[in-house]
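Asks: Pasting upload_21.pdb below, which is PDB, C-alpha atoms.
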```pdb
ATOM      1  CA  MET A 125      11.446 -23.117  43.878
ATOM      2  CA  SER A 126      10.510 -19.816  42.215
ATOM      3  CA  TYR A 127      13.482 -18.224  43.954
ATOM      4  CA  LEU A 128      15.766 -20.772  42.298
ATOM      5  CA  ARG A 129      14.154 -20.100  38.933
ATOM      6  CA  LYS A 130      14.703 -16.357  39.387
ATOM      7  CA  GLU A 131      18.306 -16.950  40.409
ATOM      8  CA  LYS A 132      18.795 -19.200  37.398
ATOM      9  CA  GLY A 133      17.306 -16.501  35.147
ATOM     10  CA  ILE A 134      19.632 -13.894  36.631
ATOM     11  CA  VAL A 135      22.654 -16.132  36.195
ATOM     12  CA  ASP A 136      21.606 -16.901  32.596
ATOM     13  CA  LEU A 137      21.300 -13.158  31.849
ATOM     14  CA  GLN A 138      24.681 -12.473  33.430
ATOM     15  CA  LEU A 139      26.224 -15.231  31.345
ATOM     16  CA  GLU A 140      24.649 -13.885  28.143
ATOM     17  CA  MET A 141      25.876 -10.355  28.929
ATOM     18  CA  ALA A 142      29.383 -11.643  29.614
ATOM     19  CA  LYS A 143      29.351 -13.564  26.324
ATOM     20  CA  ARG A 144      28.225 -10.471  24.375
ATOM     21  CA  GLU A 145      30.831  -8.272  26.052
ATOM     22  CA  ASN A 146      33.451 -10.917  25.319
ATOM     23  CA  GLY A 147      32.437 -10.890  21.626
ATOM     24  CA  VAL A 148      32.579  -7.082  21.430
ATOM     25  CA  LEU A 149      36.029  -7.020  23.015
ATOM     26  CA  LYS A 150      37.262  -9.749  20.649
ATOM     27  CA  ASN A 151      36.043  -7.705  17.670
ATOM     28  CA  GLN A 152      37.851  -4.637  18.986
ATOM     29  CA  ILE A 153      41.035  -6.636  19.413
ATOM     30  CA  GLU A 154      40.768  -7.993  15.865
ATOM     31  CA  ARG A 155      40.277  -4.475  14.465
ATOM     32  CA  MET A 156      43.185  -3.148  16.513
ATOM     33  CA  SER A 157      45.407  -6.029  15.372
ATOM     34  CA  SER A 158      44.472  -5.337  11.748
ATOM     35  CA  THR A 159      45.180  -1.620  12.156
ATOM     36  CA  LEU A 160      48.478  -2.416  13.856
ATOM     37  CA  GLN A 161      49.501  -4.683  10.986
ATOM     38  CA  GLU A 162      48.578  -2.012   8.442
ATOM     39  CA  THR A 163      50.539   0.590  10.394
ATOM     40  CA  ARG A 164      53.550  -1.701  10.572
ATOM     41  CA  ALA A 165      53.386  -2.242   6.800
ATOM     42  CA  THR A 166      53.144   1.511   6.211
ATOM     43  CA  LEU A 167      56.021   2.071   8.603
ATOM     44  CA  ALA A 168      58.159  -0.438   6.721
ATOM     45  CA  GLU A 169      57.394   1.322   3.441
ATOM     46  CA  VAL A 170      58.215   4.728   4.915
ATOM     47  CA  CYS A 171      61.482   3.405   6.383
ATOM     48  CA  PHE A 172      62.491   1.910   3.048
ATOM     49  CA  SER A 173      61.641   5.146   1.264
ATOM     50  CA  TYR A 174      63.568   7.130   3.875
ATOM     51  CA  ILE A 175      66.668   4.960   3.498
ATOM     52  CA  GLN A 176      66.448   5.090  -0.262
ATOM     53  CA  THR A 177      66.059   8.888  -0.256
ATOM     54  CA  HIS A 178      68.863   9.332   2.249
ATOM     55  CA  PHE A 179      71.202   7.211   0.154
ATOM     56  CA  TYR A 180      70.169   9.124  -2.955
ATOM     57  CA  GLN A 181      70.805  12.440  -1.182
ATOM     58  CA  LEU A 182      74.224  11.329   0.051
ATOM     59  CA  THR A 183      75.182  10.233  -3.437
ATOM     60  CA  HIS A 184      74.060  13.567  -4.854
ATOM     61  CA  ILE A 185      75.937  15.548  -2.227
ATOM     62  CA  GLN A 186      79.138  13.687  -3.063
ATOM     63  CA  GLU A 187      78.520  14.233  -6.738
ATOM     64  CA  ARG A 188      77.823  17.928  -6.153
ATOM     65  CA  GLU A 189      81.120  18.399  -4.313
ATOM     66  CA  ARG A 190      83.039  16.606  -7.049
ATOM     67  CA  VAL A 191      81.356  18.613  -9.806
ATOM     68  CA  ILE A 192      81.973  21.944  -8.055
ATOM     69  CA  GLN A 193      85.658  21.137  -7.712
ATOM     70  CA  ASN A 194      85.964  20.216 -11.418
ATOM     71  CA  THR A 195      83.895  22.987 -12.979
ATOM     72  CA  ALA A 196      85.191  26.338 -14.036
ATOM     73  CA  SER A 197      82.779  27.661 -16.550
ATOM     74  CA  ALA A 198      79.652  29.699 -15.893
ATOM     75  CA  ALA A 199      77.431  27.203 -17.677
ATOM     76  CA  GLN A 200      78.666  24.402 -15.488
ATOM     77  CA  HIS A 201      78.255  26.639 -12.458
ATOM     78  CA  ALA A 202      74.602  27.325 -13.380
ATOM     79  CA  GLU A 203      74.029  23.607 -13.845
ATOM     80  CA  HIS A 204      75.548  22.943 -10.453
ATOM     81  CA  LEU A 205      73.323  25.553  -8.842
ATOM     82  CA  GLU A 206      70.297  23.802 -10.347
ATOM     83  CA  ARG A 207      71.471  20.509  -8.884
ATOM     84  CA  ILE A 208      72.032  22.177  -5.519
ATOM     85  CA  ASN A 209      68.443  23.430  -5.626
ATOM     86  CA  GLN A 210      67.242  19.940  -6.441
ATOM     87  CA  LEU A 211      69.280  18.541  -3.561
ATOM     88  CA  ASN A 212      67.769  21.128  -1.238
ATOM     89  CA  ILE A 213      64.335  20.036  -2.372
ATOM     90  CA  LEU A 214      65.332  16.432  -1.724
ATOM     91  CA  ARG A 215      66.580  17.379   1.757
ATOM     92  CA  LYS A 216      63.249  19.014   2.544
ATOM     93  CA  SER A 217      61.450  15.955   1.233
ATOM     94  CA  ASN A 218      63.695  13.796   3.378
ATOM     95  CA  ALA A 219      62.802  15.871   6.459
ATOM     96  CA  THR A 220      59.110  15.427   5.653
ATOM     97  CA  LEU A 221      59.566  11.686   5.309
ATOM     98  CA  ARG A 222      61.378  11.606   8.645
ATOM     99  CA  MET A 223      58.465  13.370  10.325
ATOM    100  CA  GLU A 224      56.021  10.945   8.725
ATOM    101  CA  HIS A 225      58.185   8.060   9.893
ATOM    102  CA  GLU A 226      58.196   9.382  13.463
ATOM    103  CA  SER A 227      54.443   9.932  13.322
ATOM    104  CA  SER A 228      53.851   6.391  12.033
ATOM    105  CA  THR A 229      56.144   4.954  14.696
ATOM    106  CA  LYS A 230      54.288   6.875  17.397
ATOM    107  CA  LYS A 231      50.931   5.707  16.056
ATOM    108  CA  ALA A 232      52.161   2.098  15.979
ATOM    109  CA  ARG A 233      53.247   2.393  19.630
ATOM    110  CA  GLU A 234      49.889   3.898  20.588
ATOM    111  CA  LEU A 235      47.987   1.144  18.786
ATOM    112  CA  GLU A 236      50.118  -1.512  20.425
ATOM    113  CA  ALA A 237      49.479   0.050  23.842
ATOM    114  CA  LYS A 238      45.758   0.172  23.099
ATOM    115  CA  LEU A 239      45.831  -3.474  22.033
ATOM    116  CA  ASN A 240      47.575  -4.410  25.288
ATOM    117  CA  ARG A 241      45.047  -2.368  27.286
ATOM    118  CA  LEU A 242      42.094  -4.005  25.518
ATOM    119  CA  SER A 243      43.610  -7.425  26.073
ATOM    120  CA  SER A 244      43.968  -6.700  29.775
ATOM    121  CA  GLU A 245      40.357  -5.441  29.877
ATOM    122  CA  LEU A 246      39.195  -8.636  28.214
ATOM    123  CA  ASP A 247      40.782 -10.859  30.863
ATOM    124  CA  PRO A 248      38.346  -9.871  33.674
ATOM    125  CA  ALA A 249      35.416 -10.426  31.311
ATOM    126  CA  LYS A 250      36.704 -13.925  30.582
ATOM    127  CA  GLU A 251      37.024 -14.591  34.301
ATOM    128  CA  GLN A 252      33.481 -13.300  34.901
ATOM    129  CA  ALA A 253      32.150 -15.541  32.150
ATOM    130  CA  GLN A 254      33.924 -18.567  33.638
ATOM    131  CA  SER A 255      32.636 -17.675  37.094
ATOM    132  CA  ALA A 256      29.103 -17.273  35.752
ATOM    133  CA  ILE A 257      29.313 -20.649  34.016
ATOM    134  CA  ALA A 258      30.547 -22.278  37.213
ATOM    135  CA  GLU A 259      27.704 -20.673  39.197
ATOM    136  CA  LEU A 260      25.201 -21.805  36.571
ATOM    137  CA  ASP A 261      26.489 -25.373  36.753
ATOM    138  CA  ALA A 262      26.320 -25.308  40.551
ATOM    139  CA  THR A 263      22.766 -23.948  40.388
ATOM    140  CA  LYS A 264      21.751 -26.685  37.952
ATOM    141  CA  VAL A 265      23.165 -29.370  40.251
ATOM    142  CA  GLN A 266      21.393 -27.823  43.230
ATOM    143  CA  MET A 267      18.107 -27.640  41.277
ATOM    144  CA  GLN A 268      18.392 -31.307  40.304
ATOM    145  CA  ARG A 269      19.059 -32.241  43.919
ATOM    146  CA  LEU A 270      16.061 -30.176  45.096
ATOM    147  CA  GLU A 271      13.817 -31.685  42.416
ATOM    148  CA  GLN A 272      14.872 -35.179  43.522
ATOM    149  CA  GLU A 273      14.198 -34.269  47.139
ATOM    150  CA  LEU A 274      10.785 -32.858  46.145
ATOM    151  CA  ARG A 275       9.869 -36.100  44.367
ATOM    152  CA  GLN A 276      10.874 -38.107  47.448
ATOM    153  CA  TRP A 277       8.723 -35.896  49.692
ATOM    154  CA  GLN A 278       5.787 -36.223  47.293
ATOM    155  CA  GLU A 279       6.139 -40.010  47.298
ATOM    156  CA  GLN A 280       6.290 -40.112  51.110
ATOM    157  CA  ASN A 281       3.319 -37.777  51.317
ATOM    158  CA  ALA A 282       1.323 -39.972  48.920
ATOM    159  CA  GLN A 283       2.196 -43.087  50.955
ATOM    160  CA  LEU A 284       1.187 -41.406  54.216
ATOM    161  CA  LEU A 285      -2.104 -40.197  52.700
ATOM    162  CA  SER A 286      -2.791 -43.685  51.428
ATOM    163  CA  LYS A 287      -2.147 -45.144  54.889
ATOM    164  CA  VAL A 288      -4.309 -42.494  56.568
ATOM    165  CA  ARG A 289      -7.171 -43.191  54.163
ATOM    166  CA  SER A 290      -6.790 -46.910  54.750
ATOM    167  CA  PHE A 291      -6.909 -46.415  58.530
ATOM    168  CA  GLN A 292      -9.902 -44.106  58.262
ATOM    169  CA  LEU A 293     -11.696 -46.657  56.137
ATOM    170  CA  GLN A 294     -10.952 -49.399  58.679
ATOM    171  CA  ILE A 295     -12.090 -47.161  61.547
ATOM    172  CA  ASN A 296     -15.293 -46.257  59.688
ATOM    173  CA  ILE A 297     -15.924 -49.918  59.001
ATOM    174  CA  LYS A 298     -15.454 -50.773  62.667
ATOM    175  CA  ILE A 299     -17.668 -47.892  63.754
ATOM    176  CA  TYR A 300     -20.505 -48.957  61.470
ATOM    177  CA  GLN A 301     -20.269 -52.609  62.427
TER     178      GLN A 301
END
```
Kindly present the structure from the file in structure tokens form.

Replies:
Amino acid sequence: MSYLRKEKGIVDLQLEMAKRENGVLKNQIERMSSTLQETRATLAEVCFSYIQTHFYQLTHIQERERVIQNTASAAQHAEHLERINQLNILRKSNATLRMEHESSTKKARELEAKLNRLSSELDPAKEQAQSAIAELDATKVQMQRLEQELRQWQEQNAQLLSKVRSFQLQINIKIYQ
């Protein structure tokens, strides 16, 4: 009986540990999902900014070519050089945005892979918890059956003791008579 109690205690502890581990893994998944959503939002903003900058740069390049063809004076030439410098700055900025975009995309992929890995790690914990619950239920049923059997044995033992005492009393009465 004490063995069954110890086994039940062990199974209860295993179940509690599985539940706690399950909760920790769920929290990690929620944090990863939140981070992934934030990264996706940032990525969308960076992509929009990249497209907008690229369009702006293309427009300015076309304008620069048109202005260079139409200008003849030194003042216009100086103005065009200033615009060329600005376009160069924009090109550098565009390259920086591209790198940030690639970095954000890479981070999003890594976070998604980590989320998938954590999800796959959570599956065995769920299975362990279900297995522990099933074992606990089986142990409870077995304990109930053993308790019922114990009560039956106690009743039979009490009946036999009662009969033995009755026979002893009858024998003692016959001996003393």

Asks: For each of A:Lys230, A:Lys238, A:Arg207, A:Lys216, take the minimum atom-to-atom distance to Ile153 in chain A, counting only C-alpha atoms, then give the residue where this is smallest.

Replies: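 Result for the nearest residue to Ile153 in chain A: A:Lys238.
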
Asks: With distances taken over all atoms listed in the file, which residue among A:Leu293, A:Ala253, A:Met125, A:Leu205 lies nearest Leu139 in chain A?

Replies: A:Ala253

Asks: Translate the PyMOL selection byres ((chain A and resi 145) around 12) into a concrete residue list for this structure, as a PDB file with C-alpha atoms, in the coordinates of the input.

Replies:
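This is the output file expr04.pdb:
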```
ATOM      1  CA  GLN A 138      24.681 -12.473  33.430  1.00  0.00           C
ATOM      2  CA  LEU A 139      26.224 -15.231  31.345  1.00  0.00           C
ATOM      3  CA  GLU A 140      24.649 -13.885  28.143  1.00  0.00           C
ATOM      4  CA  MET A 141      25.876 -10.355  28.929  1.00  0.00           C
ATOM      5  CA  ALA A 142      29.383 -11.643  29.614  1.00  0.00           C
ATOM      6  CA  LYS A 143      29.351 -13.564  26.324  1.00  0.00           C
ATOM      7  CA  ARG A 144      28.225 -10.471  24.375  1.00  0.00           C
ATOM      8  CA  ASN A 146      33.451 -10.917  25.319  1.00  0.00           C
ATOM      9  CA  GLY A 147      32.437 -10.890  21.626  1.00  0.00           C
ATOM     10  CA  VAL A 148      32.579  -7.082  21.430  1.00  0.00           C
ATOM     11  CA  LEU A 149      36.029  -7.020  23.015  1.00  0.00           C
ATOM     12  CA  LYS A 150      37.262  -9.749  20.649  1.00  0.00           C
ATOM     13  CA  ASN A 151      36.043  -7.705  17.670  1.00  0.00           C
ATOM     14  CA  GLN A 152      37.851  -4.637  18.986  1.00  0.00           C
ATOM     15  CA  GLU A 245      40.357  -5.441  29.877  1.00  0.00           C
ATOM     16  CA  LEU A 246      39.195  -8.636  28.214  1.00  0.00           C
ATOM     17  CA  ASP A 247      40.782 -10.859  30.863  1.00  0.00           C
ATOM     18  CA  PRO A 248      38.346  -9.871  33.674  1.00  0.00           C
ATOM     19  CA  ALA A 249      35.416 -10.426  31.311  1.00  0.00           C
ATOM     20  CA  LYS A 250      36.704 -13.925  30.582  1.00  0.00           C
ATOM     21  CA  GLN A 252      33.481 -13.300  34.901  1.00  0.00           C
ATOM     22  CA  ALA A 253      32.150 -15.541  32.150  1.00  0.00           C
TER      23      ALA A 253
END
```

Asks: Would you pick out the contacts of Val170 in chain A at 12 Å or less, using only C-alpha atoms, so that residues sharing its chain but fewer than 4 positions from it are not included, and give the list as a ChimeraX atom specification?

Replies: /A:163-166,174-178,218,220-229

Asks: So how many Å separate CA of Trp277 in chain A and CA of Ser126 in chain A, to one decimal?

Replies: 17.8 Å

Asks: Just how far from CA of Gln278 in chain A is CA of Ala262 in chain A, in Å to one decimal?

Replies: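 CA of Gln278 in chain A lies 24.2 Å from CA of Ala262 in chain A.
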
Asks: Between CA of Ser173 in chain A and CA of Arg215 in chain A, measure the distance and give it in Å to one decimal.

Replies: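 Going from CA of Ser173 in chain A over to CA of Arg215 in chain A covers 13.2 Å.
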
Asks: Could you tell me, as a PyMOL selection string, which residues have any atom at most 7 Å from (20.7, -22.0, 40.2), counting all atoms listed in the file?

Replies: chain A and resi 128-129+131-132+260+262-264+266-267

Asks: Write out the residues from the selection above, keeping C-alpha atoms, as a compact mmCIF listing (two decimals), keeping the file's coordinate frame.

Replies:
```
# COMPACT_ATOMS: atom_id res chain seq x y z
CA LEU A 128 15.77 -20.77 42.30
CA ARG A 129 14.15 -20.10 38.93
CA GLU A 131 18.31 -16.95 40.41
CA LYS A 132 18.80 -19.20 37.40
CA LEU A 260 25.20 -21.80 36.57
CA ALA A 262 26.32 -25.31 40.55
CA THR A 263 22.77 -23.95 40.39
CA LYS A 264 21.75 -26.68 37.95
CA GLN A 266 21.39 -27.82 43.23
CA MET A 267 18.11 -27.64 41.28
```
